[in-house]
Amino acid sequence: MTRIIMSGCCGHMGQVITGIVAADPDSEIVAGIDPAAKDMGYPVFKSAAECDVEADVCIDFSSFKAVDALIDYCTEKKLPLVECTTGLTPEQLEKLNEMSKSVAVLRSANMSLGINTLMKLLAEAAKVFAPAGFDIEIVEKHHNLKKDAPSGTALALADSINEAMDNEYNYVYDRSQRHEARDSKELGISAVRGGTIVGEHEVIFAGTDEVIEFKHTAYSKAVFGKGAVEAAKFLAGKPAGMYNMQDVIR
């Protein structure tokens with residue numbers, strides 16, 4: 001049984017993960033951390049410093065404003081941390097790297113098991129299609145409230161392809177001012193924003209007279225919560241180091 005502390009437990013993802021863990025016989029949330037501190041069926045503390053419950057791992061889906069205190073807490077307690085909060089500053093990312101020298105840390109651009117498996121498949125596909133002259137394009141779609149573009153997941157998919165090809169591709173985000181034929185070493189990334197689309201990523205390998213498409217669609221944010229729980233069970237008991245979701249699915 002993996003004992004979990006849920007940071008950001010009263011937020012949307014915290015509540016999603018609480019439901020996932022409640023149905024999982026191999027894990028249990030023993031405490032939560034959230035300024036709202038409402039009843040979640042387990043003890044909830046307003047700050048990390050107040051939490052005195054023993055656990056095997058912590059999942060963080062809170063706010064970047066709370067991350068520094070949580071890193072300090074987990075470092076002091078030697079508590080492995082699955083860091084899912086987005087928008088971290090360069091200083092916070094460096095602090096996580098420093099923490100990983102003494103405690104296990106897992107961070108990924110996307111917690112979905114499907115997306116991370118897709119990254120592995122794309123790396124292998126690129127080794128076949130790129131040398132054969134296939135053009136590569138990525139189209140990502142999200143809801144109309146998403147502020148950043150392209151998505152971090154689209155960039156992670158592009159990176160998985162580019163790393164497999166010795167980083168020989170250049171990312172192109174906008175062709176409206178380019179009046180020239182497509183270069184063979186371009187990797188196009190397009191963003192669509194509309195409605196309530198949770199997340200859709202399509203990777204296109206376009207060759208002469210044939211097209212191969214890889215597509216992932218998230219219908220709810222529960223896919224990210226499921227991945228976070230699997231990551232927590234993986235990370236518990238691991239030695240110090242920086243891990244990602246690719247380590248989970250190996």
# chains A, B, ... in the order shown; residues from 1 in each chain; ligands from 1
call {"tool": "residues_around", "arguments": {"residues": "Lys226 (chain A)", "least_positions_apart": "2", "cutoff": "9 Å", "atoms": "only C-alpha atoms", "output": "list in words"}}
result
Val16, Ile17, Ile20, Val21, Met111, Ser112, Leu113, Lys221, Ala222, Val223, Phe224, Ala228, Val229, Glu230 and Ala231 of chain A
call {"tool": "residues_around", "arguments": {"residues": "region 216-220 of chain A", "least_positions_apart": "3", "cutoff": "9 Å", "atoms": "only C-alpha atoms", "output": "MDAnalysis selection string"}}
result
chainID A and resid 112 114:115 118 197:203 223:224
call {"tool": "closest_atom_pairs", "arguments": {"of": "region 83-201 of chain A", "to": "region 232-240 of chain A", "cutoff": "12 Å", "atoms": "only C-alpha atoms", "output": "JSON lines"}}
result
{"residue": "A:Glu83", "atom": "CA", "partner": "A:Ala232", "partner_atom": "CA", "distance": 9.8}
{"residue": "A:Cys84", "atom": "CA", "partner": "A:Ala232", "partner_atom": "CA", "distance": 11.0}
{"residue": "A:Leu96", "atom": "CA", "partner": "A:Ala240", "partner_atom": "CA", "distance": 11.6}
{"residue": "A:Asn97", "atom": "CA", "partner": "A:Ala240", "partner_atom": "CA", "distance": 10.6}
{"residue": "A:Glu98", "atom": "CA", "partner": "A:Ala240", "partner_atom": "CA", "distance": 10.6}
{"residue": "A:Met99", "atom": "CA", "partner": "A:Ala240", "partner_atom": "CA", "distance": 8.5}
{"residue": "A:Ser100", "atom": "CA", "partner": "A:Ala240", "partner_atom": "CA", "distance": 5.7}
{"residue": "A:Lys101", "atom": "CA", "partner": "A:Ala240", "partner_atom": "CA", "distance": 5.8}
{"residue": "A:Ser102", "atom": "CA", "partner": "A:Ala240", "partner_atom": "CA", "distance": 5.1}
{"residue": "A:Val103", "atom": "CA", "partner": "A:Ala240", "partner_atom": "CA", "distance": 4.2}
{"residue": "A:Ala104", "atom": "CA", "partner": "A:Ala240", "partner_atom": "CA", "distance": 4.1}
{"residue": "A:Val105", "atom": "CA", "partner": "A:Ala240", "partner_atom": "CA", "distance": 7.3}
{"residue": "A:Leu106", "atom": "CA", "partner": "A:Leu235", "partner_atom": "CA", "distance": 7.3}
{"residue": "A:Arg107", "atom": "CA", "partner": "A:Leu235", "partner_atom": "CA", "distance": 10.8}
{"residue": "A:Met111", "atom": "CA", "partner": "A:Ala232", "partner_atom": "CA", "distance": 11.0}
call {"tool": "write_last_selection", "arguments": {"atoms": "N, CA, C and O atoms", "output": "PDB file, in the first residue's frame"}}
result
ATOM      1  N   GLU A  83       5.891  15.958  -8.957  1.00  0.00           N
ATOM      2  CA  GLU A  83       5.586  17.378  -9.162  1.00  0.00           C
ATOM      3  C   GLU A  83       4.812  17.569 -10.466  1.00  0.00           C
ATOM      4  O   GLU A  83       5.360  17.421 -11.551  1.00  0.00           O
ATOM      5  N   CYS A  84       3.526  17.902 -10.327  1.00  0.00           N
ATOM      6  CA  CYS A  84       2.648  18.050 -11.483  1.00  0.00           C
ATOM      7  C   CYS A  84       2.232  19.495 -11.726  1.00  0.00           C
ATOM      8  O   CYS A  84       1.567  19.784 -12.728  1.00  0.00           O
ATOM      9  N   LEU A  96      14.151  22.104  -7.699  1.00  0.00           N
ATOM     10  CA  LEU A  96      13.774  20.692  -7.833  1.00  0.00           C
ATOM     11  C   LEU A  96      14.980  19.837  -8.203  1.00  0.00           C
ATOM     12  O   LEU A  96      15.154  18.724  -7.687  1.00  0.00           O
ATOM     13  N   ASN A  97      15.804  20.343  -9.105  1.00  0.00           N
ATOM     14  CA  ASN A  97      17.010  19.617  -9.493  1.00  0.00           C
ATOM     15  C   ASN A  97      17.938  19.431  -8.302  1.00  0.00           C
ATOM     16  O   ASN A  97      18.540  18.363  -8.129  1.00  0.00           O
ATOM     17  N   GLU A  98      18.048  20.461  -7.487  1.00  0.00           N
ATOM     18  CA  GLU A  98      18.891  20.373  -6.296  1.00  0.00           C
ATOM     19  C   GLU A  98      18.310  19.356  -5.314  1.00  0.00           C
ATOM     20  O   GLU A  98      19.043  18.570  -4.716  1.00  0.00           O
ATOM     21  N   MET A  99      16.991  19.365  -5.172  1.00  0.00           N
ATOM     22  CA  MET A  99      16.324  18.414  -4.287  1.00  0.00           C
ATOM     23  C   MET A  99      16.580  16.973  -4.726  1.00  0.00           C
ATOM     24  O   MET A  99      16.751  16.073  -3.901  1.00  0.00           O
ATOM     25  N   SER A 100      16.595  16.757  -6.046  1.00  0.00           N
ATOM     26  CA  SER A 100      16.741  15.398  -6.575  1.00  0.00           C
ATOM     27  C   SER A 100      18.099  14.767  -6.241  1.00  0.00           C
ATOM     28  O   SER A 100      18.274  13.561  -6.410  1.00  0.00           O
ATOM     29  N   LYS A 101      19.031  15.568  -5.752  1.00  0.00           N
ATOM     30  CA  LYS A 101      20.327  15.020  -5.347  1.00  0.00           C
ATOM     31  C   LYS A 101      20.222  14.228  -4.048  1.00  0.00           C
ATOM     32  O   LYS A 101      21.087  13.400  -3.747  1.00  0.00           O
ATOM     33  N   SER A 102      19.157  14.485  -3.283  1.00  0.00           N
ATOM     34  CA  SER A 102      19.004  13.796  -2.001  1.00  0.00           C
ATOM     35  C   SER A 102      17.669  13.061  -1.859  1.00  0.00           C
ATOM     36  O   SER A 102      17.505  12.236  -0.962  1.00  0.00           O
ATOM     37  N   VAL A 103      16.695  13.371  -2.751  1.00  0.00           N
ATOM     38  CA  VAL A 103      15.362  12.769  -2.673  1.00  0.00           C
ATOM     39  C   VAL A 103      14.869  12.462  -4.094  1.00  0.00           C
ATOM     40  O   VAL A 103      15.194  13.188  -5.033  1.00  0.00           O
ATOM     41  N   ALA A 104      14.090  11.428  -4.249  1.00  0.00           N
ATOM     42  CA  ALA A 104      13.522  11.092  -5.561  1.00  0.00           C
ATOM     43  C   ALA A 104      12.471  12.123  -5.966  1.00  0.00           C
ATOM     44  O   ALA A 104      11.579  12.460  -5.185  1.00  0.00           O
ATOM     45  N   VAL A 105      12.583  12.635  -7.208  1.00  0.00           N
ATOM     46  CA  VAL A 105      11.646  13.614  -7.761  1.00  0.00           C
ATOM     47  C   VAL A 105      11.208  13.129  -9.135  1.00  0.00           C
ATOM     48  O   VAL A 105      12.035  12.659  -9.925  1.00  0.00           O
ATOM     49  N   LEU A 106       9.917  13.234  -9.426  1.00  0.00           N
ATOM     50  CA  LEU A 106       9.415  12.903 -10.760  1.00  0.00           C
ATOM     51  C   LEU A 106       8.652  14.097 -11.300  1.00  0.00           C
ATOM     52  O   LEU A 106       7.749  14.615 -10.653  1.00  0.00           O
ATOM     53  N   ARG A 107       9.039  14.538 -12.483  1.00  0.00           N
ATOM     54  CA  ARG A 107       8.351  15.645 -13.143  1.00  0.00           C
ATOM     55  C   ARG A 107       8.257  15.347 -14.631  1.00  0.00           C
ATOM     56  O   ARG A 107       9.200  14.833 -15.231  1.00  0.00           O
ATOM     57  N   MET A 111       1.338  14.067 -17.634  1.00  0.00           N
ATOM     58  CA  MET A 111       1.279  12.893 -16.766  1.00  0.00           C
ATOM     59  C   MET A 111       0.508  11.728 -17.378  1.00  0.00           C
ATOM     60  O   MET A 111       0.427  10.657 -16.786  1.00  0.00           O
TER      61      MET A 111
END
call {"tool": "select_by_dssp", "arguments": {"residues": "region 31-104 of chain A", "states": "strand (DSSP E or B)", "output": "JSON list (two decimals) with N, CA and C atoms, in the first residue's frame"}}
result
[["chain", "number", "residue", "atom", "x", "y", "z"],
["A", 31, "ALA", "N", -3.08, 12.13, 3.85],
["A", 31, "ALA", "CA", -3.20, 13.53, 4.27],
["A", 31, "ALA", "C", -3.21, 14.41, 3.03],
["A", 32, "GLY", "N", -3.77, 15.60, 3.20],
["A", 32, "GLY", "CA", -3.78, 16.58, 2.12],
["A", 32, "GLY", "C", -3.21, 17.90, 2.60],
["A", 33, "ILE", "N", -2.75, 18.71, 1.64],
["A", 33, "ILE", "CA", -2.25, 20.05, 1.94],
["A", 33, "ILE", "C", -2.97, 21.02, 1.02],
["A", 44, "VAL", "N", -6.55, 17.31, 6.38],
["A", 44, "VAL", "CA", -6.09, 18.32, 5.44],
["A", 44, "VAL", "C", -5.44, 19.47, 6.22],
["A", 45, "PHE", "N", -4.21, 19.81, 5.84],
["A", 45, "PHE", "CA", -3.47, 20.87, 6.51],
["A", 45, "PHE", "C", -3.37, 22.09, 5.58],
["A", 57, "VAL", "N", 5.09, 9.05, -0.30],
["A", 57, "VAL", "CA", 5.29, 9.91, -1.47],
["A", 57, "VAL", "C", 4.29, 11.06, -1.42],
["A", 58, "CYS", "N", 4.62, 12.14, -2.11],
["A", 58, "CYS", "CA", 3.72, 13.29, -2.20],
["A", 58, "CYS", "C", 3.42, 13.58, -3.67],
["A", 59, "ILE", "N", 2.15, 13.85, -3.98],
["A", 59, "ILE", "CA", 1.75, 14.32, -5.32],
["A", 59, "ILE", "C", 1.38, 15.79, -5.20],
["A", 60, "ASP", "N", 1.91, 16.63, -6.08],
["A", 60, "ASP", "CA", 1.61, 18.06, -6.03],
["A", 60, "ASP", "C", 0.88, 18.52, -7.28],
["A", 81, "LEU", "N", 8.73, 13.14, -4.32],
["A", 81, "LEU", "CA", 7.74, 14.11, -4.80],
["A", 81, "LEU", "C", 7.42, 13.92, -6.27],
["A", 82, "VAL", "N", 6.14, 13.75, -6.58],
["A", 82, "VAL", "CA", 5.65, 13.76, -7.96],
["A", 82, "VAL", "C", 5.14, 15.17, -8.21],
["A", 83, "GLU", "N", 5.89, 15.96, -8.96],
["A", 83, "GLU", "CA", 5.59, 17.38, -9.16],
["A", 83, "GLU", "C", 4.81, 17.57, -10.47],
["A", 104, "ALA", "N", 14.09, 11.43, -4.25],
["A", 104, "ALA", "CA", 13.52, 11.09, -5.56],
["A", 104, "ALA", "C", 12.47, 12.12, -5.97]]
call {"tool": "atom_distance", "arguments": {"atom1": "CA of Val248 (chain A)", "atom2": "CA of Met1 (chain A)"}}
result
17.5 Å
call {"tool": "select_by_dssp", "arguments": {"residues": "region 84-163 of chain A", "states": "helix (DSSP H, G or I)", "output": "ChimeraX atom specification"}}
result
/A:90-99,113-129,152-163
call {"tool": "atom_distance", "arguments": {"atom1": "CA of Lys147 (chain A)", "atom2": "CA of Cys9 (chain A)"}}
result
23.7 Å
call {"tool": "closest_residue", "arguments": {"among": "A:Ala164, A:Asp34, A:Ser176, A:Arg182", "to": "Ala125 (chain A)", "atoms": "only C-alpha atoms"}}
result
A:Ala164
call {"tool": "atom_distance", "arguments": {"atom1": "CA of Lys46 (chain A)", "atom2": "CA of Phe64 (chain A)"}}
result
15.6 Å
call {"tool": "residues_around", "arguments": {"residues": "Glu137 (chain A)", "least_positions_apart": "5", "cutoff": "8 Å", "atoms": "only C-alpha atoms", "output": "JSON, numbers by chain"}}
result
{"A": [187, 188, 189, 190, 203, 204, 205]}
call {"tool": "write_last_selection", "arguments": {"atoms": "all heavy atoms", "output": "PDB file, in the first residue's frame"}}
result
ATOM      1  N   LEU A 187       9.899  21.096 -38.579  1.00  0.00           N
ATOM      2  CA  LEU A 187       8.914  20.330 -37.848  1.00  0.00           C
ATOM      3  C   LEU A 187       7.833  21.333 -37.447  1.00  0.00           C
ATOM      4  O   LEU A 187       8.033  22.166 -36.575  1.00  0.00           O
ATOM      5  CB  LEU A 187       9.530  19.658 -36.614  1.00  0.00           C
ATOM      6  CG  LEU A 187       8.743  18.485 -35.995  1.00  0.00           C
ATOM      7  CD1 LEU A 187       9.621  17.664 -35.054  1.00  0.00           C
ATOM      8  CD2 LEU A 187       7.492  18.938 -35.279  1.00  0.00           C
ATOM      9  N   GLY A 188       6.711  21.292 -38.149  1.00  0.00           N
ATOM     10  CA  GLY A 188       5.658  22.268 -37.925  1.00  0.00           C
ATOM     11  C   GLY A 188       4.820  21.947 -36.703  1.00  0.00           C
ATOM     12  O   GLY A 188       4.478  20.785 -36.464  1.00  0.00           O
ATOM     13  N   ILE A 189       4.500  22.979 -35.920  1.00  0.00           N
ATOM     14  CA  ILE A 189       3.663  22.810 -34.733  1.00  0.00           C
ATOM     15  C   ILE A 189       2.557  23.857 -34.777  1.00  0.00           C
ATOM     16  O   ILE A 189       2.837  25.062 -34.761  1.00  0.00           O
ATOM     17  CB  ILE A 189       4.470  22.960 -33.431  1.00  0.00           C
ATOM     18  CG1 ILE A 189       5.680  22.008 -33.430  1.00  0.00           C
ATOM     19  CG2 ILE A 189       3.589  22.702 -32.216  1.00  0.00           C
ATOM     20  CD1 ILE A 189       6.585  22.164 -32.219  1.00  0.00           C
ATOM     21  N   SER A 190       1.310  23.408 -34.853  1.00  0.00           N
ATOM     22  CA  SER A 190       0.159  24.308 -34.958  1.00  0.00           C
ATOM     23  C   SER A 190      -0.739  24.161 -33.741  1.00  0.00           C
ATOM     24  O   SER A 190      -0.898  23.060 -33.204  1.00  0.00           O
ATOM     25  CB  SER A 190      -0.654  24.003 -36.224  1.00  0.00           C
ATOM     26  OG  SER A 190       0.159  24.090 -37.376  1.00  0.00           O
ATOM     27  N   VAL A 203       0.045  13.838 -34.579  1.00  0.00           N
ATOM     28  CA  VAL A 203       1.368  13.903 -35.220  1.00  0.00           C
ATOM     29  C   VAL A 203       1.256  13.266 -36.597  1.00  0.00           C
ATOM     30  O   VAL A 203       0.803  12.127 -36.737  1.00  0.00           O
ATOM     31  CB  VAL A 203       2.432  13.179 -34.386  1.00  0.00           C
ATOM     32  CG1 VAL A 203       3.807  13.322 -35.051  1.00  0.00           C
ATOM     33  CG2 VAL A 203       2.479  13.742 -32.966  1.00  0.00           C
ATOM     34  N   ILE A 204       1.654  14.016 -37.617  1.00  0.00           N
ATOM     35  CA  ILE A 204       1.482  13.605 -39.010  1.00  0.00           C
ATOM     36  C   ILE A 204       2.839  13.372 -39.663  1.00  0.00           C
ATOM     37  O   ILE A 204       3.699  14.262 -39.647  1.00  0.00           O
ATOM     38  CB  ILE A 204       0.721  14.682 -39.802  1.00  0.00           C
ATOM     39  CG1 ILE A 204      -0.631  14.981 -39.134  1.00  0.00           C
ATOM     40  CG2 ILE A 204       0.543  14.271 -41.261  1.00  0.00           C
ATOM     41  CD1 ILE A 204      -1.264  16.272 -39.607  1.00  0.00           C
ATOM     42  N   PHE A 205       3.025  12.189 -40.209  1.00  0.00           N
ATOM     43  CA  PHE A 205       4.188  11.891 -41.053  1.00  0.00           C
ATOM     44  C   PHE A 205       3.667  11.837 -42.483  1.00  0.00           C
ATOM     45  O   PHE A 205       2.947  10.899 -42.857  1.00  0.00           O
ATOM     46  CB  PHE A 205       4.836  10.563 -40.659  1.00  0.00           C
ATOM     47  CG  PHE A 205       5.513  10.577 -39.322  1.00  0.00           C
ATOM     48  CD1 PHE A 205       4.810  10.233 -38.172  1.00  0.00           C
ATOM     49  CD2 PHE A 205       6.855  10.936 -39.201  1.00  0.00           C
ATOM     50  CE1 PHE A 205       5.432  10.228 -36.929  1.00  0.00           C
ATOM     51  CE2 PHE A 205       7.484  10.938 -37.963  1.00  0.00           C
ATOM     52  CZ  PHE A 205       6.776  10.592 -36.823  1.00  0.00           C
TER      53      PHE A 205
END
call {"tool": "closest_residue", "arguments": {"among": "A:Asn116, A:Tyr171, A:Arg3, A:Val211", "to": "Asp247 (chain A)", "atoms": "only C-alpha atoms"}}
result
A:Asn116
call {"tool": "residues_around", "arguments": {"residues": "Val30 (chain A)", "least_positions_apart": "5", "cutoff": "10 Å", "atoms": "only C-alpha atoms", "output": "PyMOL selection string"}}
result
chain A and resi 2-6+41-44+53-56
call {"tool": "write_last_selection", "arguments": {"atoms": "N, CA and C atoms", "output": "PDB file, in the first residue's frame"}}
result
ATOM      1  N   THR A   2       0.713   2.090  -1.011  1.00  0.00           N
ATOM      2  CA  THR A   2       1.478   3.335  -1.112  1.00  0.00           C
ATOM      3  C   THR A   2       0.710   4.455  -0.412  1.00  0.00           C
ATOM      4  N   ARG A   3       1.331   5.048   0.599  1.00  0.00           N
ATOM      5  CA  ARG A   3       0.705   6.129   1.354  1.00  0.00           C
ATOM      6  C   ARG A   3       1.059   7.472   0.714  1.00  0.00           C
ATOM      7  N   ILE A   4       0.036   8.239   0.335  1.00  0.00           N
ATOM      8  CA  ILE A   4       0.229   9.472  -0.445  1.00  0.00           C
ATOM      9  C   ILE A   4      -0.226  10.694   0.337  1.00  0.00           C
ATOM     10  N   ILE A   5       0.586  11.761   0.273  1.00  0.00           N
ATOM     11  CA  ILE A   5       0.140  13.087   0.689  1.00  0.00           C
ATOM     12  C   ILE A   5      -0.228  13.849  -0.569  1.00  0.00           C
ATOM     13  N   MET A   6      -1.448  14.393  -0.621  1.00  0.00           N
ATOM     14  CA  MET A   6      -1.938  15.099  -1.805  1.00  0.00           C
ATOM     15  C   MET A   6      -1.871  16.605  -1.579  1.00  0.00           C
ATOM     16  N   GLY A  41     -12.163  13.618   3.609  1.00  0.00           N
ATOM     17  CA  GLY A  41     -12.169  12.230   4.046  1.00  0.00           C
ATOM     18  C   GLY A  41     -10.840  11.790   4.611  1.00  0.00           C
ATOM     19  N   TYR A  42      -9.896  12.705   4.699  1.00  0.00           N
ATOM     20  CA  TYR A  42      -8.587  12.474   5.308  1.00  0.00           C
ATOM     21  C   TYR A  42      -8.128  13.812   5.889  1.00  0.00           C
ATOM     22  N   PRO A  43      -7.130  13.819   6.783  1.00  0.00           N
ATOM     23  CA  PRO A  43      -6.681  15.082   7.384  1.00  0.00           C
ATOM     24  C   PRO A  43      -6.147  16.044   6.315  1.00  0.00           C
ATOM     25  N   VAL A  44      -6.551  17.310   6.384  1.00  0.00           N
ATOM     26  CA  VAL A  44      -6.087  18.319   5.440  1.00  0.00           C
ATOM     27  C   VAL A  44      -5.441  19.470   6.223  1.00  0.00           C
ATOM     28  N   VAL A  53       1.945  13.922   9.131  1.00  0.00           N
ATOM     29  CA  VAL A  53       1.515  12.558   8.827  1.00  0.00           C
ATOM     30  C   VAL A  53       2.609  11.824   8.044  1.00  0.00           C
ATOM     31  N   GLU A  54       2.900  10.600   8.444  1.00  0.00           N
ATOM     32  CA  GLU A  54       3.895   9.785   7.748  1.00  0.00           C
ATOM     33  C   GLU A  54       3.348   9.321   6.403  1.00  0.00           C
ATOM     34  N   ALA A  55       4.193   9.358   5.369  1.00  0.00           N
ATOM     35  CA  ALA A  55       3.758   8.938   4.034  1.00  0.00           C
ATOM     36  C   ALA A  55       4.945   8.409   3.243  1.00  0.00           C
ATOM     37  N   ASP A  56       4.641   7.788   2.091  1.00  0.00           N
ATOM     38  CA  ASP A  56       5.690   7.236   1.223  1.00  0.00           C
ATOM     39  C   ASP A  56       6.038   8.171   0.073  1.00  0.00           C
TER      40      ASP A  56
END
call {"tool": "closest_residue", "arguments": {"among": "A:Met165, A:Asp24, A:Lys78, A:His12", "to": "Ser62 (chain A)", "atoms": "only C-alpha atoms"}}
result
A:His12
call {"tool": "residues_around", "arguments": {"residues": "Leu155 (chain A)", "least_positions_apart": "5", "cutoff": "10 Å", "atoms": "only C-alpha atoms", "output": "MDAnalysis selection string"}}
result
chainID A and resid 109 138 140 149:150 160:161 171 189
